[in-house]
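Enquirer: Got a structure here, written out as structure tokens. Questions coming.
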Amino acid sequence: MIGISRRNFLRAGAGVALGGMLDLNLFAQTPIGDRPEQDPAVTVLYPRDRVPLTFIIDDSTCLVNMGHFCIPQFQSCYPDRPVYQKPWWTFPREIPDSFVREFGEWCAENGVKGKYSIVPYPSCVGWLDRELPGWSRKDLLASLKLVRDLMVPNWDIHPEMITHTRVIDLKTGRPFDEISPATMENSYPREKKSVDELAAYLAYALQIIKNCDLPCEGVTTPGGFGNLVKSELSLAAQEAVRDVYNVEIPHYFKYVITGDESTEPIVENVSGLGTSQVNLTVNIPAGTGDWYGSWEGDVTPEPDRYATEDASSGRMVELIEKGQPAFMLCHWPGMYCNGSKIGFQGFQRNVLSLNSKYGDRTHWMKLSEIARYWAAKELTTVQVTDSAIHLNAPFACPDFTLRTTASHSQPPQLIHKQDRRALTEVKNRSELTPGTWHHQDNETTVCFALPKGKSQLKIDG
């Protein structure tokens with residue numbers, strides 16, 4: 001069982017990459033926080049009683065090919081690492097919007113959802129909320145509009161810190177003069193930082209995304225960012241996302257799980273249960289490595305490592321068969337693969353194979369949807385009486401799903417305040433959608449839109 005901090009696993013056995021550090025202790029340093037009472041007679045299931053899927057895309061941004069621009073900056077810090085000796089100048093400087101459109105439209109047609117990074121000041125090339133040297137302002141605004149119109153409906157937008165390369169001095173807005181692991185975002189910080197210091201750095205990145213009129217509910221860390229301050233990072237993400245975007249449920253992506261450990265999200269730093277202000281951060285890990293074209297965009301894709309063509313094996317197949325969240329990871333240059341698009345082609349094959357074999361057992365979700373579900377799953381009070389399941393939820397959830405062995409003589413009804421709604425029975429579990437229920441082997445599974453606050457499922461009389 002090994003959980004690996006991101007970028008260290010990018011090629012199995014390739015050693016440390018991008019200045020990250022091997023991390024075998026994913027969550028132990030982060031407080032979990034309060035939990036409510038949940039009656040053991042009720043089990044809260046995955047949404048619609050399906051395995052959640054998502055596709056986590058790192059190193060994406062507007063127009064700039066991070067595979068081209070990152071390498072010389074990393075080489076200046078780590079001149080002896082072979083990965084930074086690649087001929088980056090031969091890589092295209094741009095990943096064009098035509099590819100973003102091709103990718104986004106195909107994913108929408110096939111139900112794929114996930115997270116799409118927008119690096120705010122990509123490799124120090126230019127500020128996305130101002131100017132991007134090498135591209136006209138018209139090109140930049142059109143690229144941002146494409147992300148808003150095409151990607152946002154199915155993808156969460158995250159900043160991946162500020163530059164993904166150099167650490168920015170927040171007082172000047174310029175990179176620090178020193179070039180060392182201490183001033184590269186992928187290995188920052190090298191000493192303890194307070195929650196407020198980290199939150200200020202995250203908020204700086206978030207504000208640029210907000211200036212671009214893009215919604216956001218979470219952040220992504222580049223490489224080993226935050227490895228030495230895990231607990232502080234979780235709280236800093238909570239503080240920064242709430243301050244800049246005023247969202248209910250902040251989340252972040254940092255960790256990768258490639259072994260036997262659970263891939264379920266972790267609801268961290270919970271406080272305020274039972275009050276009107278519940279605070280938390282949801283830590284959403286990936287469950288695969290990046291086996292497409294990697295962050296450079298020139299690595300030969302290995303799509304079979306996600307799923308073979310008949311979906312008989314591969315990491316995604318393994319996770320689905322185990323009933324574990326199956327969250328795929330890649331890097332945007334590895335989708336484009338320097339214009340060959342062979343990473344994207346491998347991904348398309350994987351999605352079609354998984355959808356064909358497991359379409360009735362899986363559910364594609366954005367990271368914010370996953371975060372909301374796990375917040376409701378972990379933090380809703382569940383109490384059972386002879387005639388009802390009583391729920392007290394700090395957050396609404398559109399497809400809350402639970403199973404009970406409690407007997408009932410009539411179809412379940414959802415009661416919230418003065419509203420009473422009968423639910424519809426379905427013959428198969430795969431047909432569960434909000435407002436339905438299914439009974440089999442003395443167990444009743446119910447899927448419904450959970451309202452915030454107190455409600456109950458009437459199960460008898």
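Labels used: A, B, ... for chains in the order of the structure tokens, numbers from 1 for residues in each chain, and numbers from 1 for ligands as shown.
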If you count only C-alpha atoms, which residues fall within 10 Å of region 375-386 of chain A, apart from same-chain ones fewer than 5 positions away, as a PDB file with C-alpha atoms, in the first residue's frame?

Expert:
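Contents of the output file out03.pdb:
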```pdb
ATOM      1  CA  ASP A  34     -16.246  16.560  14.287  1.00  0.00           C
ATOM      2  CA  ARG A  35     -18.644  13.834  13.150  1.00  0.00           C
ATOM      3  CA  PRO A  36     -22.384  13.482  13.849  1.00  0.00           C
ATOM      4  CA  GLU A  37     -24.454  10.518  15.019  1.00  0.00           C
ATOM      5  CA  GLN A  38     -25.403   8.087  12.235  1.00  0.00           C
ATOM      6  CA  ASP A  39     -27.634   5.127  13.097  1.00  0.00           C
ATOM      7  CA  PRO A  40     -26.011   1.823  12.016  1.00  0.00           C
ATOM      8  CA  ALA A  41     -29.385   0.642  10.657  1.00  0.00           C
ATOM      9  CA  VAL A  42     -28.824   3.052   7.755  1.00  0.00           C
ATOM     10  CA  THR A  43     -25.874   3.013   5.366  1.00  0.00           C
ATOM     11  CA  VAL A  44     -25.137   6.082   3.272  1.00  0.00           C
ATOM     12  CA  LEU A  45     -24.048   4.791  -0.140  1.00  0.00           C
ATOM     13  CA  TYR A  46     -22.298   6.375  -3.104  1.00  0.00           C
ATOM     14  CA  PRO A  47     -24.490   8.669  -5.228  1.00  0.00           C
ATOM     15  CA  ILE A 249     -17.637  23.342   0.607  1.00  0.00           C
ATOM     16  CA  PRO A 265     -12.275  11.565  -0.348  1.00  0.00           C
ATOM     17  CA  ILE A 266     -11.442  12.710   3.186  1.00  0.00           C
ATOM     18  CA  VAL A 267     -13.581  15.356   4.895  1.00  0.00           C
ATOM     19  CA  GLU A 268     -11.031  17.289   6.946  1.00  0.00           C
ATOM     20  CA  VAL A 270     -14.606  19.909  10.338  1.00  0.00           C
ATOM     21  CA  LEU A 273     -21.442  21.044  13.475  1.00  0.00           C
ATOM     22  CA  GLY A 274     -24.829  21.903  14.917  1.00  0.00           C
ATOM     23  CA  VAL A 278     -20.052  24.479   9.398  1.00  0.00           C
ATOM     24  CA  LEU A 280     -14.596  21.853   6.387  1.00  0.00           C
ATOM     25  CA  THR A 281     -12.228  20.984   3.569  1.00  0.00           C
ATOM     26  CA  VAL A 282     -12.669  17.966   1.303  1.00  0.00           C
ATOM     27  CA  GLU A 369     -20.072  17.459  -6.834  1.00  0.00           C
ATOM     28  CA  ILE A 370     -17.893  14.804  -5.216  1.00  0.00           C
ATOM     29  CA  LEU A 391     -32.001  13.507   8.795  1.00  0.00           C
ATOM     30  CA  ASN A 392     -30.292  16.758   9.737  1.00  0.00           C
ATOM     31  CA  ALA A 393     -28.022  17.902   6.925  1.00  0.00           C
ATOM     32  CA  PRO A 394     -25.613  20.860   7.061  1.00  0.00           C
ATOM     33  CA  PHE A 395     -25.551  20.821   3.234  1.00  0.00           C
ATOM     34  CA  ALA A 396     -28.078  20.025   0.532  1.00  0.00           C
ATOM     35  CA  CYS A 397     -27.157  17.160  -1.805  1.00  0.00           C
ATOM     36  CA  PHE A 400     -28.206  11.471  -1.684  1.00  0.00           C
ATOM     37  CA  THR A 401     -28.503   7.696  -1.507  1.00  0.00           C
ATOM     38  CA  LEU A 402     -28.973   5.440   1.503  1.00  0.00           C
ATOM     39  CA  THR A 404     -31.934   0.569   5.210  1.00  0.00           C
ATOM     40  CA  ALA A 406     -36.067  -1.156   8.250  1.00  0.00           C
ATOM     41  CA  SER A 407     -39.353  -2.741   7.213  1.00  0.00           C
ATOM     42  CA  HIS A 408     -42.022  -0.601   5.574  1.00  0.00           C
ATOM     43  CA  LEU A 450     -31.452  15.854   0.380  1.00  0.00           C
ATOM     44  CA  LYS A 452     -30.374  21.366   3.926  1.00  0.00           C
ATOM     45  CA  GLY A 453     -31.590  21.199   7.510  1.00  0.00           C
ATOM     46  CA  LYS A 454     -34.055  18.749   9.002  1.00  0.00           C
ATOM     47  CA  GLN A 456     -37.263  12.734   7.200  1.00  0.00           C
ATOM     48  CA  LEU A 457     -37.920   9.678   5.097  1.00  0.00           C
ATOM     49  CA  LYS A 458     -41.298   8.282   6.132  1.00  0.00           C
ATOM     50  CA  ILE A 459     -40.959   4.530   5.817  1.00  0.00           C
ATOM     51  CA  ASP A 460     -44.156   3.263   7.467  1.00  0.00           C
TER      52      ASP A 460
END
```

Enquirer: Within 6 Å of region 325-338 of chain A, counting only C-alpha atoms, which residues qualify if same-chain residues fewer than 4 places away don't, as a compact mmCIF listing (two decimals) with C-alpha atoms, in the first residue's frame?

Expert:
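The resulting result_15.txt:
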```txt
# COMPACT_ATOMS: atom_id res chain seq x y z
CA VAL A 51 -19.09 4.11 -8.29
CA PRO A 52 -18.16 7.77 -8.82
CA LEU A 53 -15.78 8.55 -11.69
CA THR A 54 -13.91 11.76 -12.47
CA PHE A 55 -11.05 12.92 -14.69
CA ILE A 56 -8.49 15.18 -13.03
CA ILE A 57 -6.50 17.28 -15.52
CA ASP A 58 -3.37 19.08 -14.33
CA ASP A 59 -1.08 21.60 -16.04
CA SER A 60 -3.83 23.02 -18.23
CA GLY A 67 5.37 21.22 -21.22
CA THR A 263 -9.55 6.20 -2.71
CA GLU A 264 -12.51 7.81 -0.93
CA ALA A 286 -6.63 10.63 -7.62
CA GLY A 287 -6.64 6.85 -7.89
CA THR A 288 -4.36 6.41 -10.91
CA ASP A 290 -0.62 9.58 -15.34
CA TYR A 292 -0.93 9.14 -21.13
CA GLY A 293 1.75 11.58 -22.31
CA SER A 294 2.89 12.86 -18.89
CA TRP A 295 3.45 16.52 -18.03
CA GLY A 297 3.73 15.70 -23.49
CA ASP A 298 6.33 13.48 -25.18
CA MET A 316 -9.78 1.88 -13.34
CA LEU A 319 -11.15 0.27 -8.60
CA GLY A 343 -2.82 10.70 -25.37
CA PHE A 344 -6.33 11.95 -26.11
```

Enquirer: Counting only C-alpha atoms, which of A:Glu94, A:Asp441, A:Asp310, A:Glu261 gets nearest to Val125 (chain A)?

Expert: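 Ranked by minimum distance to Val125 (chain A), first place goes to A:Glu94.
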
Enquirer: I want to know what sits within 7 Å of Pro215 (chain A), based on only C-alpha atoms, with residues of the same chain fewer than 2 positions away left out; could you give that as a PDB file with C-alpha atoms, in the first residue's frame?

Expert:
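Result file selection.pdb:
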```
ATOM      1  CA  ILE A 157     -11.768  25.100 -12.580  1.00  0.00           C
ATOM      2  CA  LYS A 210     -11.964  35.210 -10.230  1.00  0.00           C
ATOM      3  CA  ASP A 213     -14.800  35.499 -14.440  1.00  0.00           C
TER       4      ASP A 213
END
```

Enquirer: For a quick check of understanding, using only C-alpha atoms, which of A:Asn186, A:Asn211, A:Ser234, A:Ser271 has the smallest distance to Leu144 (chain A)?

Expert: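 Of A:Asn186, A:Asn211, A:Ser234, A:Ser271, the one nearest Leu144 (chain A), counting only C-alpha atoms, is A:Asn211.
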
Enquirer: Write down as a PyMOL selection string the residues belonging to region 241-447 of chain A that are assigned strand (DSSP E or B) by DSSP computed on the backbone.

Expert: chain A and resi 251-253+255-257+266-271+279-283+286+326-331+362-364+381-384+388-393+397-404+413-416+419-422+424-425+436-440+443-447

Enquirer: Rank nothing, just name the residue among A:Trp135, A:Phe176, A:Trp374, A:Trp364 nearest to Trp155 (chain A), using only C-alpha atoms.

Expert: A:Trp364

Enquirer: Please identify which residues in region 173-274 of chain A DSSP calls helix (DSSP H, G or I) from the backbone, and express them as a PyMOL selection string.

Expert: chain A and resi 181-183+185-187+195-211+230-245

Enquirer: Kindly save the residues from that selection, with N, CA, C and O atoms included, as a short mmCIF file (atom, residue, chain, number, x, y, z; two decimals), in the first residue's frame.

Expert:
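Output saved as result-v3.cif:
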```
data_model
loop_
_atom_site.label_atom_id
_atom_site.label_comp_id
_atom_site.auth_asym_id
_atom_site.auth_seq_id
_atom_site.Cartn_x
_atom_site.Cartn_y
_atom_site.Cartn_z
N PRO A 181 15.18 25.10 -4.74
CA PRO A 181 13.94 24.41 -4.36
C PRO A 181 13.05 25.24 -3.45
O PRO A 181 11.83 25.05 -3.47
N ALA A 182 13.65 26.15 -2.70
CA ALA A 182 12.85 26.99 -1.80
C ALA A 182 12.02 28.01 -2.54
O ALA A 182 11.07 28.57 -1.97
N THR A 183 12.34 28.28 -3.81
CA THR A 183 11.60 29.28 -4.57
C THR A 183 10.92 28.68 -5.81
O THR A 183 10.61 29.40 -6.75
N GLU A 185 7.53 26.46 -6.87
CA GLU A 185 6.25 26.10 -6.27
C GLU A 185 6.14 24.59 -6.02
O GLU A 185 5.47 24.18 -5.07
N ASN A 186 6.77 23.78 -6.84
CA ASN A 186 6.63 22.32 -6.69
C ASN A 186 7.30 21.77 -5.45
O ASN A 186 7.10 20.60 -5.12
N SER A 187 8.10 22.57 -4.77
CA SER A 187 8.75 22.12 -3.53
C SER A 187 8.62 23.17 -2.43
O SER A 187 9.42 23.20 -1.50
N VAL A 195 -1.02 28.94 8.63
CA VAL A 195 -2.21 28.83 7.79
C VAL A 195 -2.45 30.13 7.04
O VAL A 195 -2.75 30.13 5.84
N ASP A 196 -2.31 31.25 7.72
CA ASP A 196 -2.56 32.54 7.08
C ASP A 196 -1.58 32.81 5.95
O ASP A 196 -1.96 33.38 4.90
N GLU A 197 -0.31 32.45 6.13
CA GLU A 197 0.67 32.67 5.06
C GLU A 197 0.33 31.84 3.83
O GLU A 197 0.39 32.33 2.70
N LEU A 198 -0.01 30.58 4.06
CA LEU A 198 -0.39 29.73 2.92
C LEU A 198 -1.67 30.20 2.28
O LEU A 198 -1.81 30.22 1.05
N ALA A 199 -2.65 30.58 3.11
CA ALA A 199 -3.93 31.05 2.57
C ALA A 199 -3.74 32.29 1.71
O ALA A 199 -4.42 32.45 0.68
N ALA A 200 -2.83 33.17 2.10
CA ALA A 200 -2.57 34.37 1.30
C ALA A 200 -2.05 34.01 -0.08
O ALA A 200 -2.43 34.62 -1.09
N TYR A 201 -1.19 32.97 -0.15
CA TYR A 201 -0.64 32.55 -1.45
C TYR A 201 -1.73 31.92 -2.31
O TYR A 201 -1.85 32.23 -3.51
N LEU A 202 -2.56 31.08 -1.69
CA LEU A 202 -3.66 30.47 -2.44
C LEU A 202 -4.66 31.52 -2.90
O LEU A 202 -5.15 31.47 -4.03
N ALA A 203 -4.95 32.47 -2.03
CA ALA A 203 -5.93 33.50 -2.36
C ALA A 203 -5.45 34.37 -3.52
O ALA A 203 -6.26 34.82 -4.35
N TYR A 204 -4.16 34.61 -3.60
CA TYR A 204 -3.59 35.38 -4.71
C TYR A 204 -3.90 34.69 -6.04
O TYR A 204 -4.32 35.33 -7.01
N ALA A 205 -3.69 33.37 -6.07
CA ALA A 205 -4.00 32.61 -7.29
C ALA A 205 -5.49 32.60 -7.57
O ALA A 205 -5.93 32.78 -8.72
N LEU A 206 -6.29 32.39 -6.54
CA LEU A 206 -7.75 32.34 -6.71
C LEU A 206 -8.30 33.66 -7.23
O LEU A 206 -9.22 33.68 -8.05
N GLN A 207 -7.73 34.77 -6.76
CA GLN A 207 -8.25 36.07 -7.18
C GLN A 207 -8.04 36.30 -8.67
O GLN A 207 -8.89 36.90 -9.34
N ILE A 208 -6.94 35.81 -9.22
CA ILE A 208 -6.71 35.95 -10.66
C ILE A 208 -7.75 35.15 -11.43
O ILE A 208 -8.31 35.61 -12.43
N ILE A 209 -8.05 33.94 -10.96
CA ILE A 209 -9.09 33.13 -11.59
C ILE A 209 -10.43 33.85 -11.52
O ILE A 209 -11.20 33.88 -12.50
N LYS A 210 -10.71 34.46 -10.38
CA LYS A 210 -11.96 35.21 -10.23
C LYS A 210 -12.00 36.42 -11.15
O LYS A 210 -13.05 36.74 -11.74
N ASN A 211 -10.85 37.09 -11.31
CA ASN A 211 -10.78 38.23 -12.23
C ASN A 211 -11.09 37.81 -13.66
O ASN A 211 -11.54 38.63 -14.47
N LYS A 230 1.05 19.90 5.67
CA LYS A 230 -0.21 19.29 5.20
C LYS A 230 -1.43 19.79 5.96
O LYS A 230 -2.45 20.14 5.37
N SER A 231 -1.36 19.79 7.27
CA SER A 231 -2.50 20.23 8.06
C SER A 231 -2.79 21.70 7.80
O SER A 231 -3.95 22.10 7.63
N GLU A 232 -1.75 22.51 7.75
CA GLU A 232 -1.94 23.93 7.47
C GLU A 232 -2.50 24.15 6.07
O GLU A 232 -3.32 25.05 5.85
N LEU A 233 -2.06 23.33 5.11
CA LEU A 233 -2.54 23.47 3.73
C LEU A 233 -4.04 23.23 3.65
O LEU A 233 -4.77 23.96 2.96
N SER A 234 -4.54 22.20 4.33
CA SER A 234 -5.96 21.90 4.31
C SER A 234 -6.76 23.07 4.85
O SER A 234 -7.78 23.48 4.27
N LEU A 235 -6.33 23.64 5.97
CA LEU A 235 -7.02 24.80 6.54
C LEU A 235 -6.86 26.03 5.66
O LEU A 235 -7.79 26.84 5.52
N ALA A 236 -5.69 26.19 5.04
CA ALA A 236 -5.47 27.34 4.17
C ALA A 236 -6.38 27.29 2.94
O ALA A 236 -6.92 28.32 2.50
N ALA A 237 -6.56 26.08 2.38
CA ALA A 237 -7.49 25.95 1.25
C ALA A 237 -8.90 26.32 1.68
O ALA A 237 -9.62 27.01 0.95
N GLN A 238 -9.29 25.86 2.86
CA GLN A 238 -10.61 26.21 3.38
C GLN A 238 -10.77 27.72 3.51
O GLN A 238 -11.76 28.30 3.06
N GLU A 239 -9.78 28.35 4.10
CA GLU A 239 -9.84 29.79 4.34
C GLU A 239 -9.83 30.59 3.04
O GLU A 239 -10.63 31.50 2.84
N ALA A 240 -8.91 30.24 2.13
CA ALA A 240 -8.75 31.02 0.90
C ALA A 240 -9.95 30.89 -0.03
O ALA A 240 -10.44 31.88 -0.59
N VAL A 241 -10.43 29.66 -0.23
CA VAL A 241 -11.56 29.45 -1.14
C VAL A 241 -12.81 30.13 -0.59
O VAL A 241 -13.58 30.75 -1.34
N ARG A 242 -13.02 30.05 0.70
CA ARG A 242 -14.17 30.73 1.30
C ARG A 242 -14.04 32.25 1.17
O ARG A 242 -15.00 32.95 0.84
N ASP A 243 -12.84 32.77 1.44
CA ASP A 243 -12.66 34.23 1.40
C ASP A 243 -12.85 34.80 0.01
O ASP A 243 -13.48 35.84 -0.17
N VAL A 244 -12.29 34.13 -1.01
CA VAL A 244 -12.33 34.68 -2.36
C VAL A 244 -13.65 34.37 -3.06
O VAL A 244 -14.21 35.21 -3.76
N TYR A 245 -14.17 33.16 -2.87
CA TYR A 245 -15.36 32.73 -3.62
C TYR A 245 -16.61 32.53 -2.76
O TYR A 245 -17.69 32.30 -3.31
#
```
